[in-house]
Every structure is written in structure tokens, then in C-alpha cells.
>>> print(open('my_file.csv').read())   # CSV, C-alpha atoms
chain,number,residue,atom,x,y,z
S,23,MET,CA,3.6,142.6,-9.7
S,24,SER,CA,4.2,143.8,-13.2
S,25,GLY,CA,2.2,144.4,-16.4
S,26,ILE,CA,-1.1,146.0,-17.0
S,27,ASP,CA,-3.2,143.0,-15.9
S,28,ASP,CA,-1.5,142.8,-12.6
S,29,LYS,CA,-1.8,146.5,-12.0
S,30,ALA,CA,-5.6,146.3,-12.6
S,31,THR,CA,-5.9,144.1,-9.5
S,32,ASP,CA,-4.2,146.7,-7.4
S,33,ALA,CA,-7.1,149.1,-7.4
S,34,ILE,CA,-9.3,148.1,-4.4
S,35,THR,CA,-12.3,150.2,-3.8
S,36,LEU,CA,-14.7,149.7,-0.9
S,37,GLU,CA,-18.2,150.9,-0.3
S,38,PRO,CA,-19.6,151.6,3.2
S,39,ILE,CA,-22.3,149.1,4.1
S,40,GLY,CA,-23.4,151.4,6.9
S,41,PHE,CA,-22.3,154.0,9.4
S,42,VAL,CA,-21.5,154.2,13.2
S,43,ARG,CA,-23.8,156.4,15.2
S,44,GLY,CA,-23.2,157.4,18.7
S,45,GLY,CA,-20.6,159.9,19.9
S,46,ALA,CA,-19.4,158.8,23.3
S,47,ASP,CA,-16.4,156.5,23.7
S,48,GLU,CA,-18.2,154.4,26.3
S,49,GLY,CA,-21.5,152.5,26.2
S,50,THR,CA,-23.6,151.3,23.4
S,51,LYS,CA,-23.4,152.5,19.8
S,52,VAL,CA,-25.5,151.9,16.8
S,53,ILE,CA,-24.5,150.5,13.4
S,54,ALA,CA,-27.0,151.8,10.9
S,55,VAL,CA,-26.8,149.6,7.9
S,56,GLU,CA,-27.7,151.1,4.6
S,57,PRO,CA,-31.1,150.0,3.3
S,58,ARG,CA,-29.7,148.3,0.2
S,59,PHE,CA,-27.5,146.0,2.4
S,60,ALA,CA,-30.2,145.3,5.0
S,61,GLU,CA,-30.9,141.8,3.6
S,62,GLY,CA,-27.4,140.8,4.7
S,63,LEU,CA,-28.4,141.1,8.3
S,64,GLU,CA,-30.8,138.2,8.1
S,65,GLY,CA,-30.3,135.8,11.1
S,66,ILE,CA,-27.6,138.0,12.7
S,67,GLU,CA,-29.6,138.2,16.0
S,68,ALA,CA,-28.5,134.6,16.6
S,69,HIS,CA,-25.0,135.8,17.4
S,70,ARG,CA,-23.9,137.4,20.6
S,71,HIS,CA,-20.6,138.7,19.3
S,72,LEU,CA,-19.6,140.1,15.9
S,73,TRP,CA,-16.5,141.4,14.3
S,74,VAL,CA,-16.9,144.9,12.9
S,75,LEU,CA,-14.5,146.3,10.3
S,76,TYR,CA,-14.7,150.0,9.9
S,77,TRP,CA,-12.9,152.8,8.1
S,78,MET,CA,-11.0,155.3,10.4
S,79,HIS,CA,-12.2,158.2,8.3
S,80,GLU,CA,-10.8,160.9,10.6
S,81,LEU,CA,-7.2,159.8,10.1
S,82,PRO,CA,-5.5,162.5,7.9
S,83,ALA,CA,-4.2,161.1,4.6
S,84,GLU,CA,-0.6,161.9,5.5
S,85,GLU,CA,-0.8,159.7,8.6
S,86,ARG,CA,-1.3,156.7,6.3
S,87,ARG,CA,2.3,157.1,5.3
S,88,ARG,CA,3.6,156.7,8.8
S,89,LEU,CA,5.2,153.3,9.3
S,90,ARG,CA,6.4,153.5,12.9
S,91,ALA,CA,4.6,154.7,16.0
S,92,HIS,CA,4.9,154.7,19.8
S,93,PRO,CA,3.0,151.7,21.3
S,94,GLN,CA,-0.4,153.1,22.6
S,95,GLY,CA,0.9,156.6,21.8
S,96,ASP,CA,3.2,156.4,24.8
S,97,ARG,CA,6.2,158.5,23.9
S,98,SER,CA,8.3,156.9,26.6
S,99,ARG,CA,8.2,153.6,24.7
S,100,ALA,CA,10.4,153.1,21.6
S,101,LYS,CA,8.7,153.3,18.3
S,102,ARG,CA,7.7,150.1,16.5
S,103,GLY,CA,6.4,149.2,13.1
S,104,VAL,CA,2.7,149.8,12.7
S,105,PHE,CA,2.1,146.2,11.7
S,106,ALA,CA,3.4,145.1,15.1
S,107,LEU,CA,0.8,147.4,16.8
S,108,HIS,CA,-2.9,148.1,16.9
S,109,SER,CA,-2.2,151.8,16.3
S,110,PRO,CA,-4.6,153.8,14.1
S,111,PHE,CA,-1.7,154.9,11.9
S,112,ARG,CA,-1.4,152.4,9.1
S,113,PRO,CA,-1.4,152.4,5.3
S,114,ASN,CA,-5.0,151.1,5.2
S,115,PRO,CA,-6.7,152.4,8.3
S,116,ILE,CA,-9.2,149.6,8.9
S,117,GLY,CA,-10.4,149.3,12.4
S,118,LEU,CA,-11.2,145.8,13.7
S,119,THR,CA,-13.2,145.3,16.9
S,120,ARG,CA,-15.1,142.4,18.4
S,121,VAL,CA,-18.4,143.8,19.7
S,122,LYS,CA,-21.3,142.4,21.7
S,123,LEU,CA,-24.6,142.5,19.8
S,124,VAL,CA,-27.2,143.8,22.3
S,125,LYS,CA,-30.1,144.0,20.0
S,126,ARG,CA,-31.2,144.3,16.4
S,127,GLU,CA,-33.9,146.8,15.5
S,128,GLY,CA,-34.5,146.3,11.8
S,129,ARG,CA,-31.4,147.5,10.0
S,130,ARG,CA,-29.9,149.1,13.2
S,131,LEU,CA,-27.6,147.0,15.4
S,132,ILE,CA,-27.2,148.1,18.9
S,133,VAL,CA,-23.7,147.1,20.0
S,134,GLU,CA,-21.3,147.3,23.0
S,135,GLY,CA,-17.6,147.7,22.9
S,136,LEU,CA,-17.2,149.4,19.5
S,137,ASP,CA,-14.3,151.9,19.5
S,138,ALA,CA,-15.2,153.6,16.3
S,139,HIS,CA,-16.2,157.2,16.2
S,140,ASP,CA,-19.5,158.7,15.2
S,141,GLY,CA,-19.8,158.7,11.5
S,142,SER,CA,-17.2,156.0,10.8
S,143,PRO,CA,-18.1,154.0,7.6
S,144,VAL,CA,-18.6,150.3,8.4
S,145,LEU,CA,-16.9,148.0,5.8
S,146,ASP,CA,-18.0,144.6,7.0
S,147,ILE,CA,-19.6,142.6,9.8
S,148,LYS,CA,-18.7,139.0,10.4
S,149,SER,CA,-20.0,136.4,12.8
S,150,GLY,CA,-17.5,135.0,15.3
M,13,MET,CA,-25.2,161.0,4.2
M,14,SER,CA,-26.0,164.0,2.0
M,15,GLY,CA,-24.1,166.8,0.3
M,16,ILE,CA,-20.8,166.9,-1.6
M,17,ASP,CA,-18.6,166.8,1.5
M,18,ASP,CA,-20.3,163.7,2.9
M,19,LYS,CA,-20.1,162.0,-0.5
M,20,ALA,CA,-16.3,162.6,-0.7
M,21,THR,CA,-15.9,160.4,2.4
M,22,ASP,CA,-17.6,157.5,0.6
M,23,ALA,CA,-14.7,156.8,-1.8
M,24,ILE,CA,-12.5,154.4,0.1
M,25,THR,CA,-9.4,153.2,-1.8
M,26,LEU,CA,-7.0,150.7,-0.5
M,27,GLU,CA,-3.5,149.8,-1.5
M,28,PRO,CA,-2.0,146.3,-1.0
M,29,ILE,CA,0.8,146.3,1.6
M,30,GLY,CA,2.0,142.9,0.3
M,31,PHE,CA,0.8,139.6,-1.2
M,32,VAL,CA,0.2,136.1,-0.1
M,33,ARG,CA,2.6,133.5,-1.6
M,34,GLY,CA,2.0,129.8,-1.4
M,35,GLY,CA,-0.6,127.7,-3.2
M,36,ALA,CA,-1.6,124.9,-0.9
M,37,ASP,CA,-4.5,125.3,1.4
M,38,GLU,CA,-2.6,123.6,4.2
M,39,GLY,CA,0.7,124.4,5.9
M,40,THR,CA,2.8,127.5,6.0
M,41,LYS,CA,2.4,130.4,3.6
M,42,VAL,CA,4.4,133.6,3.1
M,43,ILE,CA,3.3,137.2,3.3
M,44,ALA,CA,5.7,139.1,1.1
M,45,VAL,CA,5.5,142.7,2.2
M,46,GLU,CA,6.2,145.3,-0.4
M,47,PRO,CA,9.6,147.0,0.0
M,48,ARG,CA,8.1,150.5,0.7
M,49,PHE,CA,6.1,149.1,3.7
M,50,ALA,CA,8.9,147.0,5.2
M,51,GLU,CA,9.6,149.5,7.9
M,52,GLY,CA,6.1,148.7,9.3
M,53,LEU,CA,7.3,145.3,10.3
M,54,GLU,CA,9.8,146.5,12.9
M,55,GLY,CA,9.4,144.5,16.1
M,56,ILE,CA,6.7,142.2,14.7
M,57,GLU,CA,8.8,139.1,15.6
M,58,ALA,CA,7.9,139.7,19.2
M,59,HIS,CA,4.3,138.5,18.4
M,60,ARG,CA,3.3,134.9,18.1
M,61,HIS,CA,-0.1,135.6,16.6
M,62,LEU,CA,-1.2,138.2,14.1
M,63,TRP,CA,-4.4,139.3,12.5
M,64,VAL,CA,-4.2,139.4,8.7
M,65,LEU,CA,-6.7,141.3,6.6
M,66,TYR,CA,-6.6,140.4,2.9
M,67,TRP,CA,-8.5,141.0,-0.2
M,68,MET,CA,-10.4,138.1,-1.7
M,69,HIS,CA,-9.3,139.1,-5.2
M,70,GLU,CA,-10.7,136.0,-6.9
M,71,LEU,CA,-14.3,136.7,-6.0
M,72,PRO,CA,-16.2,137.8,-9.1
M,73,ALA,CA,-17.6,141.3,-8.9
M,74,GLU,CA,-21.2,140.0,-9.2
M,75,GLU,CA,-20.8,137.9,-6.1
M,76,ARG,CA,-20.2,141.1,-4.1
M,77,ARG,CA,-23.9,141.8,-4.7
M,78,ARG,CA,-25.1,138.6,-3.1
M,79,LEU,CA,-26.5,139.4,0.4
M,80,ARG,CA,-27.6,135.9,1.5
M,81,ALA,CA,-25.8,132.6,1.3
M,82,HIS,CA,-25.9,129.0,2.6
M,83,PRO,CA,-23.9,128.6,5.9
M,84,GLN,CA,-20.5,127.1,4.9
M,85,GLY,CA,-21.8,126.6,1.4
M,86,ASP,CA,-24.1,123.7,2.6
M,87,ARG,CA,-27.2,123.8,0.5
M,88,SER,CA,-29.1,121.7,3.0
M,89,ARG,CA,-29.0,124.7,5.4
M,90,ALA,CA,-31.3,127.7,5.0
M,91,LYS,CA,-29.7,130.8,3.6
M,92,ARG,CA,-28.7,133.6,5.9
M,93,GLY,CA,-27.5,137.1,5.6
M,94,VAL,CA,-23.8,137.4,4.7
M,95,PHE,CA,-23.2,139.6,7.8
M,96,ALA,CA,-24.3,136.7,10.0
M,97,LEU,CA,-21.8,134.4,8.3
M,98,HIS,CA,-18.1,134.1,7.5
M,99,SER,CA,-18.9,133.5,3.8
M,100,PRO,CA,-16.6,134.9,1.2
M,101,PHE,CA,-19.6,136.5,-0.5
M,102,ARG,CA,-19.9,140.0,0.9
M,103,PRO,CA,-20.1,143.5,-0.4
M,104,ASN,CA,-16.5,144.2,0.7
M,105,PRO,CA,-14.7,140.9,0.4
M,106,ILE,CA,-12.1,141.4,3.1
M,107,GLY,CA,-10.8,138.1,4.6
M,108,LEU,CA,-9.8,138.1,8.3
M,109,THR,CA,-7.7,135.4,9.8
M,110,ARG,CA,-5.6,135.0,12.9
M,111,VAL,CA,-2.4,133.4,12.0
M,112,LYS,CA,0.7,132.0,13.8
M,113,LEU,CA,3.9,133.9,13.0
M,114,VAL,CA,6.5,131.1,12.5
M,115,LYS,CA,9.4,133.3,11.4
M,116,ARG,CA,10.2,136.7,9.9
M,117,GLU,CA,12.8,136.7,7.1
M,118,GLY,CA,13.4,140.4,6.3
M,119,ARG,CA,10.2,141.5,4.7
M,120,ARG,CA,8.7,138.0,4.4
M,121,LEU,CA,6.6,136.6,7.2
M,122,ILE,CA,6.2,132.8,7.3
M,123,VAL,CA,2.8,132.1,8.8
M,124,GLU,CA,0.6,129.2,9.7
M,125,GLY,CA,-3.2,129.1,9.4
M,126,LEU,CA,-3.7,131.6,6.7
M,127,ASP,CA,-6.7,130.7,4.5
M,128,ALA,CA,-5.9,133.2,1.8
M,129,HIS,CA,-5.1,132.0,-1.7
M,130,ASP,CA,-1.8,132.5,-3.6
M,131,GLY,CA,-1.7,136.1,-4.9
M,132,SER,CA,-4.2,137.6,-2.5
M,133,PRO,CA,-3.4,141.3,-1.7
M,134,VAL,CA,-2.7,141.8,2.0
M,135,LEU,CA,-4.4,145.0,3.3
M,136,ASP,CA,-3.3,145.1,6.9
M,137,ILE,CA,-1.5,143.2,9.6
M,138,LYS,CA,-2.2,143.8,13.3
M,139,SER,CA,-0.9,142.4,16.5
M,140,GLY,CA,-3.2,140.5,18.8
>>> encode(input="my_file.csv", output="C-alpha cells")
Amino acid sequence: MSGIDDKATDAITLEPIGFVRGGADEGTKVIAVEPRFAEGLEGIEAHRHLWVLYWMHELPAEERRRLRAHPQGDRSRAKRGVFALHSPFRPNPIGLTRVKLVKREGRRLIVEGLDAHDGSPVLDIKSG
Amino acid sequence: MSGIDDKATDAITLEPIGFVRGGADEGTKVIAVEPRFAEGLEGIEAHRHLWVLYWMHELPAEERRRLRAHPQGDRSRAKRGVFALHSPFRPNPIGLTRVKLVKREGRRLIVEGLDAHDGSPVLDIKSG
């Protein structure tokens, strides 16, 4: 990449479409979609599973510079590159989880299996 | 979300870790990882499949505001919400594809099954 035009494409800015609600690591959680994006949920109740992309907002900025980590945080295992892992440490800390859609209540999705923490910004939801 | 601190978390900025190279829709493509992120690839050759998250850079900004679309672009089918679809139209146009890793050549990954276009910024690569 070189030149002013190319550099302009390098700036990628995302906007949360909603937020994760629910503190416990286990059980159901809620994805509360922002009112202005609610129309995007139309027909979602036809799906039993969804992909959720969320922002790991609690990861300190300096951890985004880490390029090697122990698999599953296990220090007895040799470090590997973060792109060879599912580690939260990565230059763009986007979490990716397949969840079960239990129920839709308006612009709230009740889901199972979401490993995001309370307050995590949700970036996208896809069928599949 | 309210207050200055909460708003600060709303700004989410991503940096490409590499770019897709290869124009054809079919066959193998290359993910050329930027030199400063190459260390993150260590051990990736142990995986046969990877998840690739990329930025759909060709989508015009106004299409990000579209919240309903025809499934698979088929105008004979009723529109649905973009979060109930895999449509490229979505507020945060992040593409998500599971690819087969054919070969690693230094910081170039030769992959099969990647639906990204030539020049697409790659945001993340995950095992699985």
C-alpha cells in the first residue's frame, strides 16, 4: 500500500450495533440491539443459530501488540502466533462465537453460548 | 450508554493485518500479511482450516445504512433484516469465511474458499 488514496482505505471505523447484557459466564445472555438498527433483526427468529461478532472492549490497548501467546493461556505449552490461536490477544480483538438463539423479544435477543462479557459492543450478527 | 466514559468505548478502530491478493472468484487466493504482524503466523501451518475476517472495502458507505435486503440478492424473495442474512449490506461490513489453508510461504498464506475480493483488508485470522 502506498500513496494517499491507498492510505485512506486503511482507516476502518466500526460502530456498535448493540451491547451484550448479562454478567455470568454461563447460561443465557442478552444482545440488546440499538433502536436505530432494530429493523435489521426482521426475520431473525427463523434461525436457531447465529454468528455473533463482538468487540473485546476490556482488552488493554497494549495487549493488541502482542503477537504470540500460550495456547489457552497454559504456560506449560509453547507460545504460538495469535493467528494460529483463538486467544483474545490479537491486533483487532474481535470475538467470534456461534450462539443458539433462544428467543427474540423485540430488539433483544436471548442467546445461549455467548462468551462475551457484560457490556461488550456487538459489531455484527449473521445467520448460519 | 451514557456519559463521557461510555462514549469513549464507542470509537472502535481497526487496522488491516494484511490484504487479500487474487482477482478470480474461484480457486486459490493469497493472504499477504503485513511484515509487522508476521510473527502472529507462527505455528499456523498446523491448521488445515482457518476463519478469515475481512473488510468489505468496496461496499459504498451508503449501503452500510441499509437494514433490509433480499436474501441472496433474489428480488423474488421478500426482504429480511440484514442480521438474519449473510448479505454484504450491513452496518459493519465484516466478511467471515472459513477457508482451507493450502500452504504457508513466509508471511503469505495460500488459501482456498475465500470469497473476499482482491485488495480486501484482512482484519483477523483465527484457528478453528
>>> closest_atom_pairs(input="my_file.csv", of="segment 24-96 of chain M", to="segment 137-140 of chain M", cutoff="10 Å", atoms="all atoms listed in the file", output="Markdown table")
| residue | atom | partner | partner_atom | distance |
| --- | --- | --- | --- | --- |
| M:Ile29 | CA | M:Ile137 | CA | 8.9 |
| M:Gly30 | CA | M:Ile137 | CA | 9.9 |
| M:Ile43 | CA | M:Ile137 | CA | 9.9 |
| M:Gly52 | CA | M:Ile137 | CA | 9.4 |
| M:Leu53 | CA | M:Ile137 | CA | 9.1 |
| M:Ile56 | CA | M:Ser139 | CA | 7.8 |
| M:Ala58 | CA | M:Ser139 | CA | 9.6 |
| M:His59 | CA | M:Ser139 | CA | 6.8 |
| M:Arg60 | CA | M:Gly140 | CA | 8.6 |
| M:His61 | CA | M:Gly140 | CA | 6.2 |
| M:Leu62 | CA | M:Ser139 | CA | 4.8 |
| M:Trp63 | CA | M:Lys138 | CA | 5.1 |
| M:Val64 | CA | M:Ile137 | CA | 4.7 |
| M:Leu65 | CA | M:Ile137 | CA | 6.3 |
| M:Tyr66 | CA | M:Ile137 | CA | 8.9 |
>>> closest_residue(input="my_file.csv", among="M:Pro72, M:Gly118, M:Gly131, M:Pro47", to="Phe101 of chain M", atoms="all atoms listed in the file")
M:Pro72
>>> calpha_fit_and_write(input="my_file.csv", fixed="chain M", moving="chain S", output="PDB file with C-alpha atoms, in the coordinates of the input")
ATOM      1  CA  MET S  23     -25.346 160.901   4.038  1.00  0.00           C
ATOM      2  CA  SER S  24     -26.104 163.776   1.755  1.00  0.00           C
ATOM      3  CA  GLY S  25     -24.237 166.634   0.038  1.00  0.00           C
ATOM      4  CA  ILE S  26     -21.007 166.739  -1.795  1.00  0.00           C
ATOM      5  CA  ASP S  27     -18.786 166.767   1.317  1.00  0.00           C
ATOM      6  CA  ASP S  28     -20.361 163.687   2.680  1.00  0.00           C
ATOM      7  CA  LYS S  29     -20.142 161.882  -0.611  1.00  0.00           C
ATOM      8  CA  ALA S  30     -16.362 162.606  -0.770  1.00  0.00           C
ATOM      9  CA  THR S  31     -15.891 160.438   2.331  1.00  0.00           C
ATOM     10  CA  ASP S  32     -17.586 157.544   0.656  1.00  0.00           C
ATOM     11  CA  ALA S  33     -14.756 156.805  -1.713  1.00  0.00           C
ATOM     12  CA  ILE S  34     -12.423 154.372   0.152  1.00  0.00           C
ATOM     13  CA  THR S  35      -9.463 153.172  -1.736  1.00  0.00           C
ATOM     14  CA  LEU S  36      -6.948 150.670  -0.382  1.00  0.00           C
ATOM     15  CA  GLU S  37      -3.463 149.786  -1.444  1.00  0.00           C
ATOM     16  CA  PRO S  38      -1.959 146.290  -0.979  1.00  0.00           C
ATOM     17  CA  ILE S  39       0.840 146.352   1.573  1.00  0.00           C
ATOM     18  CA  GLY S  40       1.975 142.968   0.309  1.00  0.00           C
ATOM     19  CA  PHE S  41       0.894 139.711  -1.255  1.00  0.00           C
ATOM     20  CA  VAL S  42       0.225 136.048  -0.135  1.00  0.00           C
ATOM     21  CA  ARG S  43       2.533 133.480  -1.620  1.00  0.00           C
ATOM     22  CA  GLY S  44       2.031 129.834  -1.362  1.00  0.00           C
ATOM     23  CA  GLY S  45      -0.593 127.798  -3.211  1.00  0.00           C
ATOM     24  CA  ALA S  46      -1.640 124.941  -0.987  1.00  0.00           C
ATOM     25  CA  ASP S  47      -4.558 125.267   1.427  1.00  0.00           C
ATOM     26  CA  GLU S  48      -2.609 123.572   4.208  1.00  0.00           C
ATOM     27  CA  GLY S  49       0.737 124.388   5.836  1.00  0.00           C
ATOM     28  CA  THR S  50       2.768 127.478   5.944  1.00  0.00           C
ATOM     29  CA  LYS S  51       2.406 130.457   3.612  1.00  0.00           C
ATOM     30  CA  VAL S  52       4.413 133.533   3.087  1.00  0.00           C
ATOM     31  CA  ILE S  53       3.332 137.181   3.299  1.00  0.00           C
ATOM     32  CA  ALA S  54       5.704 139.156   1.140  1.00  0.00           C
ATOM     33  CA  VAL S  55       5.458 142.716   2.209  1.00  0.00           C
ATOM     34  CA  GLU S  56       6.197 145.338  -0.347  1.00  0.00           C
ATOM     35  CA  PRO S  57       9.578 147.015   0.121  1.00  0.00           C
ATOM     36  CA  ARG S  58       8.115 150.472   0.732  1.00  0.00           C
ATOM     37  CA  PHE S  59       6.060 149.124   3.720  1.00  0.00           C
ATOM     38  CA  ALA S  60       8.870 146.979   5.150  1.00  0.00           C
ATOM     39  CA  GLU S  61       9.616 149.494   7.946  1.00  0.00           C
ATOM     40  CA  GLY S  62       6.187 148.711   9.390  1.00  0.00           C
ATOM     41  CA  LEU S  63       7.306 145.246  10.281  1.00  0.00           C
ATOM     42  CA  GLU S  64       9.777 146.471  12.850  1.00  0.00           C
ATOM     43  CA  GLY S  65       9.452 144.445  16.137  1.00  0.00           C
ATOM     44  CA  ILE S  66       6.751 142.131  14.708  1.00  0.00           C
ATOM     45  CA  GLU S  67       8.861 139.007  15.553  1.00  0.00           C
ATOM     46  CA  ALA S  68       7.884 139.630  19.184  1.00  0.00           C
ATOM     47  CA  HIS S  69       4.382 138.387  18.458  1.00  0.00           C
ATOM     48  CA  ARG S  70       3.354 134.809  18.070  1.00  0.00           C
ATOM     49  CA  HIS S  71      -0.026 135.514  16.536  1.00  0.00           C
ATOM     50  CA  LEU S  72      -1.185 138.217  14.113  1.00  0.00           C
ATOM     51  CA  TRP S  73      -4.375 139.209  12.471  1.00  0.00           C
ATOM     52  CA  VAL S  74      -4.123 139.356   8.691  1.00  0.00           C
ATOM     53  CA  LEU S  75      -6.652 141.272   6.591  1.00  0.00           C
ATOM     54  CA  TYR S  76      -6.570 140.405   2.967  1.00  0.00           C
ATOM     55  CA  TRP S  77      -8.510 141.111  -0.204  1.00  0.00           C
ATOM     56  CA  MET S  78     -10.395 138.057  -1.711  1.00  0.00           C
ATOM     57  CA  HIS S  79      -9.352 139.084  -5.191  1.00  0.00           C
ATOM     58  CA  GLU S  80     -10.743 135.975  -6.905  1.00  0.00           C
ATOM     59  CA  LEU S  81     -14.327 136.729  -5.901  1.00  0.00           C
ATOM     60  CA  PRO S  82     -16.179 137.847  -9.116  1.00  0.00           C
ATOM     61  CA  ALA S  83     -17.557 141.393  -8.859  1.00  0.00           C
ATOM     62  CA  GLU S  84     -21.143 140.189  -9.172  1.00  0.00           C
ATOM     63  CA  GLU S  85     -20.771 138.019  -6.067  1.00  0.00           C
ATOM     64  CA  ARG S  86     -20.271 141.207  -4.036  1.00  0.00           C
ATOM     65  CA  ARG S  87     -23.914 141.926  -4.611  1.00  0.00           C
ATOM     66  CA  ARG S  88     -25.076 138.735  -3.008  1.00  0.00           C
ATOM     67  CA  LEU S  89     -26.562 139.373   0.420  1.00  0.00           C
ATOM     68  CA  ARG S  90     -27.638 135.888   1.489  1.00  0.00           C
ATOM     69  CA  ALA S  91     -25.762 132.610   1.333  1.00  0.00           C
ATOM     70  CA  HIS S  92     -25.926 129.027   2.623  1.00  0.00           C
ATOM     71  CA  PRO S  93     -23.891 128.673   5.877  1.00  0.00           C
ATOM     72  CA  GLN S  94     -20.487 127.060   4.867  1.00  0.00           C
ATOM     73  CA  GLY S  95     -21.911 126.601   1.354  1.00  0.00           C
ATOM     74  CA  ASP S  96     -24.096 123.789   2.639  1.00  0.00           C
ATOM     75  CA  ARG S  97     -27.184 123.855   0.475  1.00  0.00           C
ATOM     76  CA  SER S  98     -29.140 121.802   2.969  1.00  0.00           C
ATOM     77  CA  ARG S  99     -29.017 124.706   5.432  1.00  0.00           C
ATOM     78  CA  ALA S 100     -31.312 127.739   4.944  1.00  0.00           C
ATOM     79  CA  LYS S 101     -29.737 130.818   3.581  1.00  0.00           C
ATOM     80  CA  ARG S 102     -28.713 133.616   5.948  1.00  0.00           C
ATOM     81  CA  GLY S 103     -27.511 137.151   5.602  1.00  0.00           C
ATOM     82  CA  VAL S 104     -23.846 137.415   4.762  1.00  0.00           C
ATOM     83  CA  PHE S 105     -23.182 139.584   7.790  1.00  0.00           C
ATOM     84  CA  ALA S 106     -24.329 136.724  10.018  1.00  0.00           C
ATOM     85  CA  LEU S 107     -21.735 134.412   8.326  1.00  0.00           C
ATOM     86  CA  HIS S 108     -18.054 134.172   7.560  1.00  0.00           C
ATOM     87  CA  SER S 109     -18.878 133.471   3.903  1.00  0.00           C
ATOM     88  CA  PRO S 110     -16.615 134.925   1.190  1.00  0.00           C
ATOM     89  CA  PHE S 111     -19.621 136.554  -0.474  1.00  0.00           C
ATOM     90  CA  ARG S 112     -19.951 140.025   0.948  1.00  0.00           C
ATOM     91  CA  PRO S 113     -20.087 143.601  -0.330  1.00  0.00           C
ATOM     92  CA  ASN S 114     -16.458 144.221   0.722  1.00  0.00           C
ATOM     93  CA  PRO S 115     -14.685 140.907   0.476  1.00  0.00           C
ATOM     94  CA  ILE S 116     -12.089 141.347   3.217  1.00  0.00           C
ATOM     95  CA  GLY S 117     -10.756 138.184   4.631  1.00  0.00           C
ATOM     96  CA  LEU S 118      -9.813 138.161   8.331  1.00  0.00           C
ATOM     97  CA  THR S 119      -7.687 135.366   9.801  1.00  0.00           C
ATOM     98  CA  ARG S 120      -5.655 134.979  12.962  1.00  0.00           C
ATOM     99  CA  VAL S 121      -2.351 133.364  11.956  1.00  0.00           C
ATOM    100  CA  LYS S 122       0.657 132.024  13.835  1.00  0.00           C
ATOM    101  CA  LEU S 123       3.883 133.859  12.976  1.00  0.00           C
ATOM    102  CA  VAL S 124       6.533 131.131  12.494  1.00  0.00           C
ATOM    103  CA  LYS S 125       9.342 133.299  11.421  1.00  0.00           C
ATOM    104  CA  ARG S 126      10.304 136.612   9.886  1.00  0.00           C
ATOM    105  CA  GLU S 127      12.900 136.681   7.128  1.00  0.00           C
ATOM    106  CA  GLY S 128      13.381 140.347   6.331  1.00  0.00           C
ATOM    107  CA  ARG S 129      10.186 141.560   4.715  1.00  0.00           C
ATOM    108  CA  ARG S 130       8.758 137.973   4.343  1.00  0.00           C
ATOM    109  CA  LEU S 131       6.597 136.555   7.147  1.00  0.00           C
ATOM    110  CA  ILE S 132       6.292 132.880   7.304  1.00  0.00           C
ATOM    111  CA  VAL S 133       2.863 132.097   8.749  1.00  0.00           C
ATOM    112  CA  GLU S 134       0.567 129.148   9.661  1.00  0.00           C
ATOM    113  CA  GLY S 135      -3.144 129.017   9.392  1.00  0.00           C
ATOM    114  CA  LEU S 136      -3.712 131.634   6.665  1.00  0.00           C
ATOM    115  CA  ASP S 137      -6.679 130.720   4.423  1.00  0.00           C
ATOM    116  CA  ALA S 138      -5.941 133.180   1.713  1.00  0.00           C
ATOM    117  CA  HIS S 139      -5.046 132.084  -1.747  1.00  0.00           C
ATOM    118  CA  ASP S 140      -1.827 132.600  -3.620  1.00  0.00           C
ATOM    119  CA  GLY S 141      -1.659 136.089  -4.876  1.00  0.00           C
ATOM    120  CA  SER S 142      -4.207 137.595  -2.472  1.00  0.00           C
ATOM    121  CA  PRO S 143      -3.366 141.303  -1.700  1.00  0.00           C
ATOM    122  CA  VAL S 144      -2.736 141.810   2.031  1.00  0.00           C
ATOM    123  CA  LEU S 145      -4.463 144.992   3.386  1.00  0.00           C
ATOM    124  CA  ASP S 146      -3.227 145.036   6.947  1.00  0.00           C
ATOM    125  CA  ILE S 147      -1.473 143.114   9.710  1.00  0.00           C
ATOM    126  CA  LYS S 148      -2.250 143.742  13.333  1.00  0.00           C
ATOM    127  CA  SER S 149      -0.794 142.392  16.537  1.00  0.00           C
ATOM    128  CA  GLY S 150      -3.163 140.451  18.791  1.00  0.00           C
TER     129      GLY S 150
END
>>> residues_near_point(input="my_file.csv", point="(-10.3, 151.8, 7.9)", cutoff="8 Å", atoms="only C-alpha atoms", output="number ranges by chain")
S: 75-79, 114-117, 145
>>> closest_atom_pairs(input="my_file.csv", of="chain M", to="chain S", cutoff="7 Å", atoms="all atoms listed in the file", output="CSV")
residue,atom,partner,partner_atom,distance
M:Asp22,CA,S:Glu37,CA,6.7
M:Ile24,CA,S:Leu36,CA,5.3
M:Thr25,CA,S:Thr35,CA,4.6
M:Leu26,CA,S:Ile34,CA,5.2
M:Glu27,CA,S:Asp32,CA,6.7
M:Pro28,CA,S:Asp32,CA,6.8
M:Glu51,CA,S:Leu89,CA,6.0
M:Gly52,CA,S:Gly103,CA,3.8
M:Leu53,CA,S:Gly103,CA,4.9
M:Glu54,CA,S:Gly103,CA,4.3
M:Gly55,CA,S:Arg102,CA,5.9
M:Ile56,CA,S:Ala106,CA,4.4
M:Leu79,CA,S:Gly62,CA,4.6
M:Arg80,CA,S:Gly62,CA,5.9
M:Arg92,CA,S:Glu64,CA,5.5
M:Gly93,CA,S:Gly62,CA,3.8
M:Val94,CA,S:Gly62,CA,5.0
M:Phe95,CA,S:Ile147,CA,5.1
M:Ala96,CA,S:Ile66,CA,4.5
M:Leu97,CA,S:Ser149,CA,5.2
M:His98,CA,S:Lys148,CA,5.7
M:Asn104,CA,S:Leu36,CA,6.0
M:Leu135,CA,S:Asn114,CA,6.4
M:Asp136,CA,S:Asn114,CA,6.5
M:Ile137,CA,S:Phe105,CA,5.1
M:Lys138,CA,S:Phe105,CA,5.2
M:Ser139,CA,S:Ala106,CA,5.3
>>> atom_distance(input="my_file.csv", atom1="atom CA of Ser88 of chain M", atom2="atom CA of Pro100 of chain M")
18.3 Å
>>> atom_distance(input="my_file.csv", atom1="atom CA of Gly135 of chain S", atom2="atom CA of Arg120 of chain S")
7.4 Å
>>> closest_residue(input="my_file.csv", among="S:Leu81, S:Gly95, S:Thr119, S:Glu56", to="Glu134 of chain S", atoms="all atoms listed in the file")
S:Thr119
>>> atom_distance(input="my_file.csv", atom1="atom CA of Val144 of chain S", atom2="atom CA of Ala83 of chain S")
18.4 Å
